[in-house]
Structures are given as structure tokens and as C-alpha cells.
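Remarks on the structure that follows.
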Amino acid sequence: MSAPRVLVLRALGLGDLLTAVPALRALRRAYPGHRLVLAASEALRPAVIATGTVDELLPTTAPLREVPTHIPWTGPPPALAVDLHGCGPESAAPLRALRPGTLFAYADASGPAWAEDEHERARWCRLLTWHGIPADASDFRIPPPTTPSPAPGAVILHPGADAAARRWPPDRFATVGAALHQAGHQVVVTGSGTETALTRQVAQDAGLPDDAVLADIPFPTLTALVASARAVVVGDTGIAHLATALGTPSVVLFGPVSPALWGPPQLPHHRTLWHPDNPSLPHPGNPHATTPDPFLLRITPPEVLTALDTATLSNSAPHPH
């Protein structure tokens, strides 16, 4: 007889997956005799494997960041379905359609109230805790990879992001890269397959060698690169969360969404830069805008270089793992 299954919906991006690790780990502990299935994008399979939190990936997608209308579930209904995707009836509906034994969701009458100003890691842990499952938002680390790094000890610049609103200008990344290169640090520039031109532009303008561009590398290689890096400079995107998960020093450039919602933990080796008019507003700008957020543009290259120093960049040895 096959083991009962727990189904979790989190069909979003890399950062979304990594912020859900504490909740996924709590479910694993709470249901040791169950098979934990994650409904998420097939593109995330290497990252899902790297977290070591689930037994199976059920490929589930929707355009952009919309909610999947259908989950290709087969066999008996899940013993438990958990909505880690959203707060409304849209994300709970495809789970309800599977007739699970129990449903955990903010949209369900048995669930807690949604809080707009809550950090993403804490949000999903609170949902589980409400239902009697202890969950620790600080349990976000993932195991270091066994793949060798292509550039151990390098400083990583990651200029890309899904939305233009979260992309710090490439000329500013290049200014930071040039200063680091001239100071004797190895610098590499990373990006997705669609960001190859961007990474090359930053590397060229920074005066970096051709092999400094590491765009569209396999996820295990990227994980190894980040794990062994001296530090990562990045906007509010998935690589920032990967640095957090691996304990790598980072400087994360925020705008338009507050680091109180998506930032790394408040630890000395993680630095966030954020200059809104009103820091109490979690979303003072449009995260889907087609131009860089005005608050993001307030961050300067000298400020980033100073933040790198305070994130232990000046250490002569690579960050230990």
C-alpha cells in the first residue's frame, strides 16, 4: 500500500521556493510517514532537489506569476493540501478541487488572517503554526553543493531581475565591478540565458576578462559558485535568496518592495540597501514597473562598496562553508 501524500502548491520562482523552505521542512517533520509532493514549475527541479525538502515535484505552471487553474494530480486525494502560493480563493480552488482530507490555506475559513506587512518566510510558518505544526522561519539554510565552483572566492555581481523595477542600472554594477577588479578581487557576472547581453555589457564596462561572464550556467554550478563566493551583489531576486540559503555574504539592493518582506535575515554578513520616502510602507512602488524603481536608483556604487566591506568582503579568505 502506497504512503499517503501531502500536496503543497508553490508554483512560483526560485526566491519563492527558497523562502518556503522553512515551511516545507516543518511539513516534512510533521508528516514523516507521508510522501511530500510540491506542485511547482519543472524549471525549478534542480533547485527543489537542492533544498532536500520534498519527495516529488509535480510540474505545474501558469503564465507569469498567475495561479495554476489545474494541478495534474492522479490517484487518491491528498491527505493534506497546503496553499503556499497565495492568499485568495484562486490559489485554494485547484487544491479544493482535488478533495483533500484537510486543507491549509489563508483563504480557508479555518485559516489565520493574512497580514500584508509580514516577511515571506514567516508568513507560511505562521499558517502551519496556526494549524498546530511548529515551524521556524529561521530554518532556511540548504545543504552546500558537492559540485565544484568555477570561481571560488569570487565576488558575484548579478544585475538581472524578472522585473525592470528591481534592476539596478548596469552602469552602476559596472562601476562596482571595476572598483573591485582594480582592488585585486576576482569578479564574475551572472545572469539567466535571456540576460547574456546584460552580463557581457556589465563585464565589458567594468574591464573584466571574458571568462568573468557566467551566464546561463546549470543550477548546480550556480549553487556551487554562490556557496564558495566571497560575496554576492544582487537586486531583490532569486540569487539573493540563494545567498541567504547558503550563508554567503550578500549586499541586496531593494526597491520598490521593502526588505522587511523579502530581505535576508538580519545577520552581519547580509546587508540591505533601501531608501524609500516612508520605510513603514511595505510596497511604496510598483514591483512590476517597466523602469527601475526611483528608490532603487537612490542607491549609489560607493554605498554598495561600503556595504560590501561591512559584509566581511575585506577578509582575505573566501567565506567558509
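Please note that chains go A, B, ... in the order of the C-alpha cells, that every chain numbers its residues from 1, and that ligands are numbered from 1 in the order shown.
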
Using only C-alpha atoms, which protein or nucleic acid residues come within 7 Å of region 234-250 of chain A? Drop anything in the same chain fewer than 4 positions from it, and give the result as a PyMOL selection string. chain A and resi 14-15+18+140-142+144+157-159+161+166-168+226-227+229-230+254+264+269-271+311+319

For region 126-129 of chain A, find every residue with an atom within 8 Å (counting only C-alpha atoms), except residues of its own chain fewer than 4 positions away, and show them as a list in words.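 Counting only the stated atoms, we get Ala23, Phe104, Ala105, Tyr106, Gly111, Pro112, Ala122, Ile133, Pro134 and Ala135 of chain A.
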
Please produce a file of those selected residues containing all heavy atoms, as a PDB file, in the first residue's frame.
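The new file part.pdb reads:
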```
ATOM      1  N   ALA A  23       8.866  26.288   5.836  1.00  0.00           N
ATOM      2  CA  ALA A  23       7.538  25.668   5.905  1.00  0.00           C
ATOM      3  C   ALA A  23       7.573  24.245   5.365  1.00  0.00           C
ATOM      4  O   ALA A  23       6.967  23.324   5.945  1.00  0.00           O
ATOM      5  CB  ALA A  23       6.528  26.512   5.130  1.00  0.00           C
ATOM      6  N   PHE A 104      -4.945  23.423   4.286  1.00  0.00           N
ATOM      7  CA  PHE A 104      -4.376  24.573   4.994  1.00  0.00           C
ATOM      8  C   PHE A 104      -4.240  25.702   3.984  1.00  0.00           C
ATOM      9  O   PHE A 104      -3.511  25.579   2.996  1.00  0.00           O
ATOM     10  CB  PHE A 104      -2.993  24.262   5.558  1.00  0.00           C
ATOM     11  CG  PHE A 104      -2.955  23.231   6.658  1.00  0.00           C
ATOM     12  CD1 PHE A 104      -1.740  22.719   7.081  1.00  0.00           C
ATOM     13  CD2 PHE A 104      -4.114  22.782   7.281  1.00  0.00           C
ATOM     14  CE1 PHE A 104      -1.679  21.774   8.093  1.00  0.00           C
ATOM     15  CE2 PHE A 104      -4.073  21.836   8.294  1.00  0.00           C
ATOM     16  CZ  PHE A 104      -2.840  21.326   8.702  1.00  0.00           C
ATOM     17  N   ALA A 105      -4.919  26.821   4.237  1.00  0.00           N
ATOM     18  CA  ALA A 105      -4.853  27.954   3.311  1.00  0.00           C
ATOM     19  C   ALA A 105      -5.311  29.210   4.028  1.00  0.00           C
ATOM     20  O   ALA A 105      -6.216  29.160   4.873  1.00  0.00           O
ATOM     21  CB  ALA A 105      -5.724  27.712   2.084  1.00  0.00           C
ATOM     22  N   TYR A 106      -4.708  30.319   3.678  1.00  0.00           N
ATOM     23  CA  TYR A 106      -5.172  31.589   4.233  1.00  0.00           C
ATOM     24  C   TYR A 106      -6.590  31.890   3.757  1.00  0.00           C
ATOM     25  O   TYR A 106      -7.360  32.548   4.456  1.00  0.00           O
ATOM     26  CB  TYR A 106      -4.227  32.724   3.833  1.00  0.00           C
ATOM     27  CG  TYR A 106      -3.025  32.851   4.735  1.00  0.00           C
ATOM     28  CD1 TYR A 106      -1.765  32.444   4.317  1.00  0.00           C
ATOM     29  CD2 TYR A 106      -3.148  33.363   6.018  1.00  0.00           C
ATOM     30  CE1 TYR A 106      -0.662  32.556   5.154  1.00  0.00           C
ATOM     31  CE2 TYR A 106      -2.056  33.477   6.861  1.00  0.00           C
ATOM     32  CZ  TYR A 106      -0.819  33.070   6.423  1.00  0.00           C
ATOM     33  OH  TYR A 106       0.274  33.167   7.259  1.00  0.00           O
ATOM     34  N   GLY A 111      -8.366  28.980   8.446  1.00  0.00           N
ATOM     35  CA  GLY A 111      -7.015  29.514   8.489  1.00  0.00           C
ATOM     36  C   GLY A 111      -6.922  30.854   9.192  1.00  0.00           C
ATOM     37  O   GLY A 111      -7.941  31.487   9.499  1.00  0.00           O
ATOM     38  N   PRO A 112      -5.689  31.316   9.432  1.00  0.00           N
ATOM     39  CA  PRO A 112      -5.489  32.620  10.065  1.00  0.00           C
ATOM     40  C   PRO A 112      -5.720  33.762   9.084  1.00  0.00           C
ATOM     41  O   PRO A 112      -5.883  33.535   7.880  1.00  0.00           O
ATOM     42  CB  PRO A 112      -4.022  32.569  10.501  1.00  0.00           C
ATOM     43  CG  PRO A 112      -3.377  31.673   9.482  1.00  0.00           C
ATOM     44  CD  PRO A 112      -4.411  30.640   9.128  1.00  0.00           C
ATOM     45  N   ALA A 122       8.231  34.087   7.283  1.00  0.00           N
ATOM     46  CA  ALA A 122       7.396  33.990   8.484  1.00  0.00           C
ATOM     47  C   ALA A 122       5.934  33.724   8.137  1.00  0.00           C
ATOM     48  O   ALA A 122       5.217  33.051   8.890  1.00  0.00           O
ATOM     49  CB  ALA A 122       7.513  35.277   9.295  1.00  0.00           C
ATOM     50  N   ILE A 133       1.321  22.907  13.622  1.00  0.00           N
ATOM     51  CA  ILE A 133       2.594  22.368  13.128  1.00  0.00           C
ATOM     52  C   ILE A 133       3.699  23.377  13.449  1.00  0.00           C
ATOM     53  O   ILE A 133       3.732  24.460  12.856  1.00  0.00           O
ATOM     54  CB  ILE A 133       2.536  22.109  11.618  1.00  0.00           C
ATOM     55  CG1 ILE A 133       1.475  21.058  11.306  1.00  0.00           C
ATOM     56  CG2 ILE A 133       3.897  21.669  11.092  1.00  0.00           C
ATOM     57  CD1 ILE A 133       1.276  20.804   9.836  1.00  0.00           C
ATOM     58  N   PRO A 134       4.594  23.074  14.371  1.00  0.00           N
ATOM     59  CA  PRO A 134       5.677  24.013  14.691  1.00  0.00           C
ATOM     60  C   PRO A 134       6.541  24.269  13.455  1.00  0.00           C
ATOM     61  O   PRO A 134       6.965  23.332  12.779  1.00  0.00           O
ATOM     62  CB  PRO A 134       6.474  23.284  15.777  1.00  0.00           C
ATOM     63  CG  PRO A 134       5.540  22.252  16.333  1.00  0.00           C
ATOM     64  CD  PRO A 134       4.663  21.846  15.186  1.00  0.00           C
ATOM     65  N   ALA A 135       6.771  25.536  13.183  1.00  0.00           N
ATOM     66  CA  ALA A 135       7.569  25.916  12.013  1.00  0.00           C
ATOM     67  C   ALA A 135       8.446  27.097  12.387  1.00  0.00           C
ATOM     68  O   ALA A 135       7.973  28.069  12.982  1.00  0.00           O
ATOM     69  CB  ALA A 135       6.665  26.274  10.833  1.00  0.00           C
TER      70      ALA A 135
END
```

Nearest to Arg121 (chain A): which of A:Leu261, A:Ala81, A:Leu44, A:Ala97 is it, counting only C-alpha atoms?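 That would be A:Leu261, the residue with the smallest distance to Arg121 (chain A).
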
All helix (DSSP H, G or I) positions in region 53-198 of chain A, as a VMD selection string: chain A and resid 89 to 96 120 to 130 164 to 166 170 to 182 193 to 198

Show me, as a PyMOL selection string, the residues that have an atom within 12 Å of region 215-219 of chain A when counting only C-alpha atoms, minus same-chain residues fewer than 4 positions from it. chain A and resi 14+43-50+145+147+149-150+156-160+188-203+210-211+223-227+238-239+242

Surrounding residues of Val6 (chain A) excluding itself and chain neighbours under 5 positions, 6 Å, only C-alpha atoms, as a count of residues only: 6

Write out as a PDB file with C-alpha atoms, in the first residue's frame which residues come within 8 Å of Thr290 (chain A) when counting only C-alpha atoms, dropping same-chain ones fewer than 5 positions away.
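Output below, filename result-v4.pdb:
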```
ATOM      1  CA  ALA A 163      11.023  42.953 -13.481  1.00  0.00           C
ATOM      2  CA  ALA A 164      12.740  46.136 -14.634  1.00  0.00           C
ATOM      3  CA  ALA A 165      11.535  47.815 -11.431  1.00  0.00           C
TER       4      ALA A 165
END
```

In Å and to one decimal, CA of Pro100 (chain A) is distant from CA of Pro77 (chain A) by 5.2 Å

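Residues surrounding Ala3 (chain A) within 8 Å are A:Gly33, A:His34, A:Arg35 [only C-alpha atoms; sequence separation below 6 positions excluded].
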
Give the strand (DSSP E or B) residues of region 83-250 of chain A, as DSSP finds them on the backbone, and put them as a PyMOL selection string. chain A and resi 83+102-104+155-158+187-191+213-215+231-235+250

Write a file of the selected residues as a PDB file, in the first residue's frame, keeping C-alpha atoms.
```
ATOM      1  CA  ASP A  83      -1.619  26.542  -0.215  1.00  0.00           C
ATOM      2  CA  THR A 102      -7.547  18.597   5.024  1.00  0.00           C
ATOM      3  CA  LEU A 103      -6.733  21.979   3.507  1.00  0.00           C
ATOM      4  CA  PHE A 104      -4.376  24.573   4.994  1.00  0.00           C
ATOM      5  CA  VAL A 155      32.574  38.412  -5.831  1.00  0.00           C
ATOM      6  CA  ILE A 156      29.382  37.801  -7.793  1.00  0.00           C
ATOM      7  CA  LEU A 157      27.541  40.641  -9.494  1.00  0.00           C
ATOM      8  CA  HIS A 158      24.026  39.686 -10.593  1.00  0.00           C
ATOM      9  CA  VAL A 187      34.702  39.387 -10.022  1.00  0.00           C
ATOM     10  CA  VAL A 188      32.181  37.354 -12.017  1.00  0.00           C
ATOM     11  CA  VAL A 189      28.870  38.424 -13.542  1.00  0.00           C
ATOM     12  CA  THR A 190      25.920  36.023 -13.560  1.00  0.00           C
ATOM     13  CA  GLY A 191      22.548  36.012 -15.266  1.00  0.00           C
ATOM     14  CA  VAL A 213      30.766  36.194 -17.596  1.00  0.00           C
ATOM     15  CA  LEU A 214      28.974  33.146 -16.198  1.00  0.00           C
ATOM     16  CA  ALA A 215      25.511  33.489 -17.706  1.00  0.00           C
ATOM     17  CA  ALA A 231      30.038  37.915  -1.522  1.00  0.00           C
ATOM     18  CA  VAL A 232      27.073  38.493  -3.825  1.00  0.00           C
ATOM     19  CA  VAL A 233      25.785  41.874  -5.020  1.00  0.00           C
ATOM     20  CA  VAL A 234      22.247  41.497  -6.295  1.00  0.00           C
ATOM     21  CA  GLY A 235      18.817  43.067  -6.522  1.00  0.00           C
ATOM     22  CA  SER A 250      25.402  39.473   0.353  1.00  0.00           C
TER      23      SER A 250
END
```

So which one's closest to Ala260 (chain A), A:Leu297, A:Ala40, A:Ala62, A:Leu273? Using only C-alpha atoms, please. A:Leu273

Work out how far CA of Leu17 (chain A) is from CA of Asn286 (chain A), in Å to one decimal.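 These two atoms are separated by 22.2 Å.
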